[in-house]
Amino acid sequence: MEEKAYWETLPFWAHLKDAEQQYIKDNTFVRSYAAGEMIHAAETECLGMTIVQKGEVRTYILSEEGREITLFRLQEGDCCMLSASCVVDAITFDTLMCATKSSTLSIIRAAAFEKLAENNIYVRCFLYEILCKRLSAVMRVMQDILFKGYDHRLAQFLVSEYDRTGKADLKMTHEQIAVHTNSAREVVARMLKRFAAEGYLTFKRGEIHLLQIEALRNI
């Protein structure tokens, strides 16, 4: 059985006319990015709707002082429209996107997606549904930063990585964890030492082994 193209897995695909489906095919391109490579920034082109074919993408904001706040990460099959603020006037803040792993993206050009959304109710509903989903993730991050202690945030991150990968061994540096949990490397190191002293985990350079998943989940 022939594998579907990534754009054919989108919820609105079956509701498109043949001409609209061809229009998407004609206006979709694929780009590959190395780990650490910038995908989108305020001064770069308005990409369009991005679909992660493989890899992982981090979306974040940057303060004037240079502090990064991670908003969410996109995994294989995830879509995002925050790289297409030119399509949605309501997006008034600048986000940046970079590949945290070697990644391949399918990208539907912004102008083409905007035209489809104007003329097809299913595309328009999908657009606002995905925007609501991403903005809800942004609000959760802001609530965590404002109202939750770092022990809670770090435990939540470690458990979410375990749930996502199914592995108790996480190969991540303190710096990488700090980026994903919106903290400083020194704070990560102190909290990992505390968790290790309480028997929740062990760690060494570039690797963490989770011992008590449920205890971390209860935090």
# chains A, B, ... in the order shown; residues from 1 in each chain; ligands from 1

$ residues_around --residues "Lys204 (chain A)" --least-positions-apart "3" --cutoff "12 Å" --atoms "only C-alpha atoms" --output "PDB file with N, CA and C atoms, in the first residue's frame"
ATOM      1  N   ASP A 169      15.990   6.088  30.675  1.00  0.00           N
ATOM      2  CA  ASP A 169      17.305   6.698  30.455  1.00  0.00           C
ATOM      3  C   ASP A 169      17.153   7.857  29.478  1.00  0.00           C
ATOM      4  N   LEU A 170      17.438   9.058  29.961  1.00  0.00           N
ATOM      5  CA  LEU A 170      17.312  10.252  29.137  1.00  0.00           C
ATOM      6  C   LEU A 170      18.702  10.798  28.849  1.00  0.00           C
ATOM      7  N   LYS A 171      19.053  10.857  27.586  1.00  0.00           N
ATOM      8  CA  LYS A 171      20.375  11.363  27.209  1.00  0.00           C
ATOM      9  C   LYS A 171      20.253  12.858  26.924  1.00  0.00           C
ATOM     10  N   MET A 172      20.411  13.661  27.971  1.00  0.00           N
ATOM     11  CA  MET A 172      20.294  15.108  27.859  1.00  0.00           C
ATOM     12  C   MET A 172      21.289  15.763  28.810  1.00  0.00           C
ATOM     13  N   THR A 173      21.867  16.859  28.379  1.00  0.00           N
ATOM     14  CA  THR A 173      22.770  17.616  29.236  1.00  0.00           C
ATOM     15  C   THR A 173      21.966  18.574  30.118  1.00  0.00           C
ATOM     16  N   HIS A 174      22.623  19.097  31.149  1.00  0.00           N
ATOM     17  CA  HIS A 174      21.969  20.086  32.004  1.00  0.00           C
ATOM     18  C   HIS A 174      21.552  21.309  31.186  1.00  0.00           C
ATOM     19  N   ALA A 189      21.165  21.730  37.756  1.00  0.00           N
ATOM     20  CA  ALA A 189      22.141  20.898  38.471  1.00  0.00           C
ATOM     21  C   ALA A 189      21.758  20.747  39.942  1.00  0.00           C
ATOM     22  N   LEU A 192      18.592  18.466  40.240  1.00  0.00           N
ATOM     23  CA  LEU A 192      18.903  17.067  39.961  1.00  0.00           C
ATOM     24  C   LEU A 192      19.630  16.435  41.145  1.00  0.00           C
ATOM     25  N   LYS A 193      20.519  17.195  41.770  1.00  0.00           N
ATOM     26  CA  LYS A 193      21.208  16.685  42.957  1.00  0.00           C
ATOM     27  C   LYS A 193      20.204  16.397  44.077  1.00  0.00           C
ATOM     28  N   ALA A 196      18.283  13.303  43.168  1.00  0.00           N
ATOM     29  CA  ALA A 196      19.142  12.130  43.341  1.00  0.00           C
ATOM     30  C   ALA A 196      19.271  11.773  44.820  1.00  0.00           C
ATOM     31  N   LEU A 201      16.244   9.549  41.095  1.00  0.00           N
ATOM     32  CA  LEU A 201      17.007   9.340  39.861  1.00  0.00           C
ATOM     33  C   LEU A 201      18.500   9.293  40.167  1.00  0.00           C
ATOM     34  N   GLU A 207      23.526  12.255  30.859  1.00  0.00           N
ATOM     35  CA  GLU A 207      22.570  11.156  30.964  1.00  0.00           C
ATOM     36  C   GLU A 207      21.892  11.153  32.332  1.00  0.00           C
ATOM     37  N   ILE A 208      20.593  10.874  32.332  1.00  0.00           N
ATOM     38  CA  ILE A 208      19.803  10.775  33.567  1.00  0.00           C
ATOM     39  C   ILE A 208      19.061   9.448  33.547  1.00  0.00           C
ATOM     40  N   HIS A 209      19.104   8.740  34.659  1.00  0.00           N
ATOM     41  CA  HIS A 209      18.362   7.481  34.778  1.00  0.00           C
ATOM     42  C   HIS A 209      17.270   7.669  35.826  1.00  0.00           C
ATOM     43  N   LEU A 210      16.021   7.555  35.408  1.00  0.00           N
ATOM     44  CA  LEU A 210      14.883   7.738  36.311  1.00  0.00           C
ATOM     45  C   LEU A 210      14.626   6.450  37.080  1.00  0.00           C
TER      46      LEU A 210
END

$ residues_around --residues "Leu158 (chain A)" --least-positions-apart "2" --cutoff "12 Å" --atoms "only C-alpha atoms" --output "VMD selection string"
chain A and resid 151 to 156 160 to 172 177 to 178 180 to 181 188 191 to 192 195 200 to 201 207 to 217 219

$ closest_residue --among "A:Arg109, A:Arg190, A:Lys17, A:His40" --to "Asp94 (chain A)" --atoms "only C-alpha atoms"
A:His40

$ atom_distance --atom1 "CA of Val30 (chain A)" --atom2 "CA of Thr104 (chain A)"
7.0 Å

$ atom_distance --atom1 "CA of Thr70 (chain A)" --atom2 "CA of Val138 (chain A)"
8.7 Å

$ select_by_dssp --residues "region 7-189 of chain A" --states "strand (DSSP E)" --output "VMD selection string"
chain A and resid 28 to 33 38 to 40 48 to 54 57 to 62 68 to 74 79 to 80 96 to 99 103 to 109 169 to 170

$ residues_around --residues "Ala34 (chain A)" --least-positions-apart "6" --cutoff "7 Å" --atoms "only C-alpha atoms" --output "ChimeraX atom specification"
/A:99,101-103

$ residues_around --residues "region 50-53 of chain A" --least-positions-apart "5" --cutoff "12 Å" --atoms "only C-alpha atoms" --output "number ranges by chain"
A: 4-10, 28-33, 39-40, 58-59, 73-84, 97-99, 101-110, 113, 127, 130

$ closest_residue --among "A:Val123, A:Leu96, A:Val159, A:Ile61" --to "Cys46 (chain A)" --atoms "only C-alpha atoms"
A:Leu96

$ select_by_dssp --residues "region 39-177 of chain A" --states "helix (DSSP H, G or I)" --output "PyMOL selection string"
chain A and resi 110-119+121-147+150-165+174-177
